[in-house]
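Student: Dropping the structure in here first, questions after.
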Amino acid sequence: MLRLIGDWVKGAVLEVQEYVRLCAAAFRGVFTPPRYRHDIVEQFEAIGLGSLTVVLLTGFFTGAVLALQSGMTLDQFGARPFVGRLVSASMIKELGPVLTGLMLAGRVGSGIAAELGSMMVTDQINALRALGTDPVRKLVVPRVLAGFIMAPVLTIIADAVGILGGWLIAVFQLRVASSVYWTSIIEALYIQDVWMGLIKPFFLGFSIVTIGCHVGLRTSGGTQGVGRSTTNAVVAASVAVIAVDFFVTRLLITLMY
Amino acid sequence: MVLRTRRSPELEELLGPGSPIVIFDKVSLAFDDKVILREVSFTLITGHTKIFLGASGAGKSTILKLILGLLKPDDGVIWVNGERVDTMTERELMKVRTDLGMVFQEGALFDSLTVAENVGYKLYEESDMPLEDVRHRVEEVLGFVGLAEHIDKMPSELSGGQRRRVAIARAMAFKPRILLYDEPTTGLDPITSDTIDDEIIKLRDLENVSSIVVTHQLRDAFRVATHEATRTDGQIHIIPADAVKSEEAEFIMLKDGRIHFEGHAAELRATKDPYLRTFLS
């Protein structure tokens, strides 16, 4: 029993050590040559543009359902006109970053783990090294850059369509005047909230892609191993999104409020 | 178009014909409790061939990964092309790898790239060679392995044998001095295997590439060891090698991580060792 626990702890420490090493190597790769510009552009397109549809749909329906639910609750206090305030505060501070993060964890995290995992088990990563290419610079750095930059961009889009979804429900179902909705949105927003909503996605994007890369590059055991890695990447990245969101929120509250 | 990496005149003299290009000195490696290699020592002479035989899991492919620096030994010294690689960092190894080509077991072609992009990968990505010259070199090597018409196909559109030949073309595109082949004919039919063997022979004899072949296909191993390539009137012929040429190919049989046999084709054929006889039968 003790041996099993010992092995588990050893394995966990090794995973953390390898993850930190990968992050450090990726960090070095961002600031030092060689850089693979073509791959960077490709990843911006794959992670950014590729995730646009899912982020648009998620953001829109989240904003809409938020307006529906909060409209019912606010009705009890005769406060229906404040629905915009609730939608904007929730979307920008919390739901926009977290839901975008979760969507990226499902779509991008799994995709990266599956792609790099397949390359691992078919010796393509070793082939890259044999051909004189550092896999971290070629495969990890472009994905980290794209995830780090595109997560905030996608979050802003999710926030915007979420608020738009809330507006549609507020105006056409809750019968709140359009001007009242938009005014309450602007009134509810503080600059700290905007900063919080903008800063968090950088951390979330970084966590999602580095976890996907780490899990993918440690894949072994053939096609079964690729499947296992894909699942692990989604689970780990999703949990990381929630956990990182909590810790960064805590930190930002201490620093900004 | 100069591709092969330049050496200093001293190193060129030191590593010229007849001198060692790969040296293993008492190399040992274990993964946890499982010993893979125990004090393995051998020397590959420039322009010669070493053929590693052995059962699955005997440590054959591990030797190739050690030469490339993809794995580090627990003990012992490895010299490649005049450089000690067992103590090098990944960054230092990149320089050594510019003179090493590797053909992986299943080809390990990049499935998101075309045949041309695969073959010219190193030249496109890791050199400043003009794109036109790279394309010319890609066409040249694909012509050498007889796949010129497949240049714009994706790897998934190729047969198993064609994929291995593309892998050979990729490994030779930048004119390395050493080529490593990991089970290049496993899973292929005899006719396709012959074409792969012929590529190995052609590269060794016409391009003066030192080769290490890992295989458990005896038929292919003997073909590579006992044939040579000649060029007459622009035509390439694969013919039985004379006695002197045959001496340039040496077999190494691995058993339980140790060298069980080391010798030429004739010695291997004449052996009375029960393990070798089982393997040969």
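Order determines the names: the first chain of the structure tokens is A, the second B, and so forth; residues in each chain are numbered 1 upward, and ligands are numbered 1 upward as they are shown.
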Near Leu131 (chain B), counting only C-alpha atoms, which residues have an atom at most 12 Å away, once you skip same-chain residues fewer than 6 positions from it, shown as a list of chain:residue names?
Tutor: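 Non-adjacent residues within range: B:Ala116, B:Glu117, B:Gly120, B:Tyr121, B:Lys122, B:Leu123, B:Tyr124, B:Glu125, B:Arg137, B:Val138.
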Student: Just need the residues of chain B within 8 Å of chain A, counting only C-alpha atoms, so spit them out as a ChimeraX atom specification.
Tutor: /B:68,70,94-95,97-98,100-102,104,106,108-110,122,126
Student: What gap, in Å, lies between CA of Gly18 (chain B) and CA of Asp194 (chain B)?
Tutor: 28.0 Å
Student: Find the residues around Ile199 (chain A) up to 9 Å (only C-alpha atoms counted), leave out those fewer than 6 positions away in its own chain, and share them as a PyMOL selection string.
Tutor: chain A and resi 152+248+252
Student: Include C-alpha atoms and write out the residues we just selected as a PDB file, in the first residue's frame.
Tutor:
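Just written: out30.pdb:
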```pdb
ATOM      1  CA  PRO A 152      -8.581  36.938 -24.553  1.00  0.00           C
ATOM      2  CA  VAL A 248      -6.319  34.587 -10.521  1.00  0.00           C
ATOM      3  CA  LEU A 252      -6.843  40.339  -8.836  1.00  0.00           C
TER       4      LEU A 252
END
```
Student: To test your reading of the structure, identify every residue in region 12-239 of chain B that backbone DSSP assigns to alpha helix (DSSP H), and report it as a PyMOL selection string.
Tutor: chain B and resi 12-14+60-68+90-97+115-119+121-126+131-144+160-172+190-206+218-226
Student: Put those residues in a file: C-alpha atoms, as a short mmCIF file (atom, residue, chain, number, x, y, z; two decimals), in the first residue's frame.
Tutor:
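Just written: result_26.cif:
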```
data_model
loop_
_atom_site.label_atom_id
_atom_site.label_comp_id
_atom_site.auth_asym_id
_atom_site.auth_seq_id
_atom_site.Cartn_x
_atom_site.Cartn_y
_atom_site.Cartn_z
CA GLU B 12 38.35 15.31 -42.64
CA GLU B 13 41.71 13.49 -42.54
CA LEU B 14 40.88 11.91 -39.20
CA LYS B 60 18.64 -2.95 -31.73
CA SER B 61 16.56 0.21 -32.22
CA THR B 62 17.91 1.59 -28.94
CA ILE B 63 21.39 1.66 -30.48
CA LEU B 64 20.16 3.93 -33.28
CA LYS B 65 18.43 6.24 -30.78
CA LEU B 66 21.66 6.42 -28.75
CA ILE B 67 23.65 7.39 -31.85
CA LEU B 68 21.15 10.16 -32.60
CA GLU B 90 19.94 18.68 -26.96
CA ARG B 91 21.11 21.97 -28.48
CA GLU B 92 24.66 20.63 -29.09
CA LEU B 93 23.22 17.45 -30.58
CA MET B 94 21.43 19.43 -33.29
CA LYS B 95 24.83 20.10 -34.90
CA VAL B 96 25.77 16.40 -34.84
CA ARG B 97 22.40 15.47 -36.35
CA VAL B 115 5.85 14.06 -50.11
CA ALA B 116 7.89 17.04 -51.38
CA GLU B 117 7.57 18.88 -48.06
CA ASN B 118 8.53 15.74 -46.16
CA VAL B 119 11.58 15.05 -48.28
CA TYR B 121 11.71 19.29 -44.66
CA LYS B 122 15.19 19.89 -43.31
CA LEU B 123 16.19 22.05 -46.24
CA TYR B 124 12.98 24.10 -46.13
CA GLU B 125 12.93 24.55 -42.35
CA GLU B 126 16.49 24.29 -41.12
CA LEU B 131 13.33 27.35 -52.41
CA GLU B 132 14.09 26.59 -56.06
CA ASP B 133 17.24 24.69 -55.11
CA VAL B 134 15.36 22.77 -52.43
CA ARG B 135 12.71 21.76 -54.96
CA HIS B 136 15.46 20.67 -57.35
CA ARG B 137 17.13 18.56 -54.66
CA VAL B 138 13.76 17.03 -53.66
CA GLU B 139 13.11 16.04 -57.28
CA GLU B 140 16.63 14.62 -57.50
CA VAL B 141 16.32 12.36 -54.42
CA LEU B 142 12.79 11.29 -55.28
CA GLY B 143 14.11 10.33 -58.72
CA PHE B 144 16.88 8.36 -56.98
CA GLY B 160 3.86 0.94 -47.30
CA GLY B 161 6.88 0.42 -49.53
CA GLN B 162 6.56 3.86 -51.11
CA ARG B 163 6.37 5.45 -47.65
CA ARG B 164 9.65 3.76 -46.65
CA ARG B 165 11.28 4.97 -49.85
CA VAL B 166 10.07 8.51 -49.18
CA ALA B 167 11.53 8.15 -45.67
CA ILE B 168 14.85 7.13 -47.23
CA ALA B 169 14.64 10.10 -49.61
CA ARG B 170 13.98 12.41 -46.64
CA ALA B 171 16.93 10.99 -44.74
CA MET B 172 19.30 11.39 -47.70
CA PRO B 190 9.88 -9.54 -50.80
CA ILE B 191 9.77 -7.55 -54.04
CA THR B 192 9.24 -4.22 -52.27
CA SER B 193 11.87 -5.20 -49.70
CA ASP B 194 14.36 -5.72 -52.53
CA THR B 195 13.76 -2.17 -53.79
CA ILE B 196 14.40 -0.81 -50.28
CA ASP B 197 17.55 -2.95 -49.96
CA ASP B 198 18.72 -1.64 -53.31
CA GLU B 199 18.29 1.95 -52.11
CA ILE B 200 20.44 1.19 -49.07
CA ILE B 201 23.11 -0.41 -51.28
CA LYS B 202 23.01 2.48 -53.78
CA LEU B 203 23.41 5.09 -51.08
CA ARG B 204 26.31 3.24 -49.50
CA ASP B 205 28.21 2.53 -52.69
CA LEU B 206 27.36 5.50 -54.90
CA LEU B 218 17.72 -12.09 -42.60
CA ARG B 219 17.03 -12.16 -46.31
CA ASP B 220 17.35 -8.38 -46.54
CA ALA B 221 20.35 -8.29 -44.23
CA PHE B 222 22.25 -10.74 -46.44
CA ARG B 223 21.21 -8.92 -49.61
CA VAL B 224 22.57 -5.61 -48.28
CA ALA B 225 25.78 -7.32 -47.09
CA THR B 226 26.51 -9.32 -50.21
#
```
Student: What does the structure give for the distance between CA of Gln217 (chain B) and CA of Ala270 (chain B), in Å to one decimal?
Tutor: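 About the pair CA of Gln217 (chain B) and CA of Ala270 (chain B): they are 18.2 Å apart.
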Student: Would you mind telling me which residue in B:Phe251, B:Phe24, B:Phe174, B:Phe279 lies nearest to Asn81 (chain B) when using only C-alpha atoms?
Tutor: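 So, comparing all the options, the nearest one is B:Phe24.
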Student: Mind giving me the straight-line distance from CA of Ile239 (chain B) to CA of Ile51 (chain B) in Å, one decimal?
Tutor: 19.1 Å
Student: With only C-alpha atoms as the basis for distance, which of B:Leu268, B:Ile23, B:Leu180, B:Ala241 is at the shortest distance from Gly82 (chain B)?
Tutor: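 That would be B:Ile23, the residue with the smallest distance to Gly82 (chain B).
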Student: Identify which of the residues B:Ile78, B:Glu267, B:Glu207, B:Val244 lies closest to Arg231 (chain B), counting only C-alpha atoms when measuring atom-to-atom distances.
Tutor: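 Using only C-alpha atoms, Arg231 (chain B) sits closest to B:Glu207.
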Student: Compile the contact shell of His216 (chain B) as a list in words: residues with an atom at most 9 Å away, counting only C-alpha atoms, same-chain residues fewer than 6 positions apart removed.
Tutor: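 Here the answer would be Phe52, Leu53, Gly54, Ala55, Ser56, Glu183 and Thr186 of chain B.
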Student: What does the file look like for those residues with C-alpha atoms, as a PDB file, in the first residue's frame?
Tutor:
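File out-v6.pdb, as written:
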```
ATOM      1  CA  PHE B  52      22.250  -5.403 -36.271  1.00  0.00           C
ATOM      2  CA  LEU B  53      20.241  -8.565 -35.869  1.00  0.00           C
ATOM      3  CA  GLY B  54      18.383  -9.870 -32.890  1.00  0.00           C
ATOM      4  CA  ALA B  55      15.023 -10.807 -31.487  1.00  0.00           C
ATOM      5  CA  SER B  56      12.414  -8.147 -30.722  1.00  0.00           C
ATOM      6  CA  GLU B 183      13.664  -2.109 -39.617  1.00  0.00           C
ATOM      7  CA  THR B 186       9.575  -5.043 -41.846  1.00  0.00           C
TER       8      THR B 186
END
```
Student: Nearest residue to Glu94 (chain A) out of A:Val140, A:Leu164, A:Ile156, A:Ile208, using only C-alpha atoms?
Tutor: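 Ranked by minimum distance to Glu94 (chain A), first place goes to A:Ile156.
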Student: For each of A:Ile47, A:Val215, A:Met150, A:Val141, take the minimum atom-to-atom distance to Ala25 (chain A), counting only C-alpha atoms, then give the residue where this is smallest.
Tutor: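 Among the listed residues, the smallest separation from Ala25 (chain A) belongs to A:Val141.
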Student: Using only C-alpha atoms for the distances, tell me which of A:Ile149, A:Val9, A:Ala177, A:Ala236 is nearest to Ile40 (chain A).
Tutor: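 So, comparing all the options, the nearest one is A:Ile149.
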Student: If we count only C-alpha atoms and set the cut-off at 10 Å, which residues sit around Ile211 (chain A), ignoring sequence neighbours fewer than 2 positions away in its own chain? Please answer as a list in words.
Tutor: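 Final neighbour list, sorted by chain and number: Tyr19, Leu22, Cys23, Ala105, Gly109, Ser110, Ile112, Ala113, Phe206, Ser207, Ile208, Val209, Cys213, His214, Val215, Gly216, Leu217, Asn232, Ala233, Val234, Ala236, Ala237 and Ala240 of chain A.
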Student: Residues near region 72-74 of chain B, anyone? I mean within 7 Å using only C-alpha atoms, not counting same-chain ones fewer than 5 positions away, as number ranges by chain.
Tutor: B: 27-29, 66, 86
Student: For the residues in that selection, give me N, CA and C atoms as a compact mmCIF listing (two decimals), in the first residue's frame.
Tutor:
```txt
# COMPACT_ATOMS: atom_id res chain seq x y z
N VAL B 27 28.91 0.58 -23.81
CA VAL B 27 27.69 1.34 -23.57
C VAL B 27 26.64 0.45 -22.89
N SER B 28 26.10 0.96 -21.80
CA SER B 28 25.05 0.23 -21.08
C SER B 28 23.84 1.13 -20.90
N LEU B 29 22.66 0.52 -20.91
CA LEU B 29 21.43 1.28 -20.72
C LEU B 29 20.38 0.37 -20.11
N LEU B 66 20.49 5.94 -29.50
CA LEU B 66 21.66 6.42 -28.75
C LEU B 66 22.60 7.19 -29.67
N ASP B 86 27.39 11.31 -26.02
CA ASP B 86 26.66 10.87 -24.82
C ASP B 86 26.60 11.93 -23.72
```
Student: Pick out the residues sitting within 10 Å of Ile253 (chain A), and hand them over as a PyMOL selection string; count only C-alpha atoms, and ignore anything fewer than 6 positions along from it in its own chain.
Tutor: chain A and resi 192-193+196+247
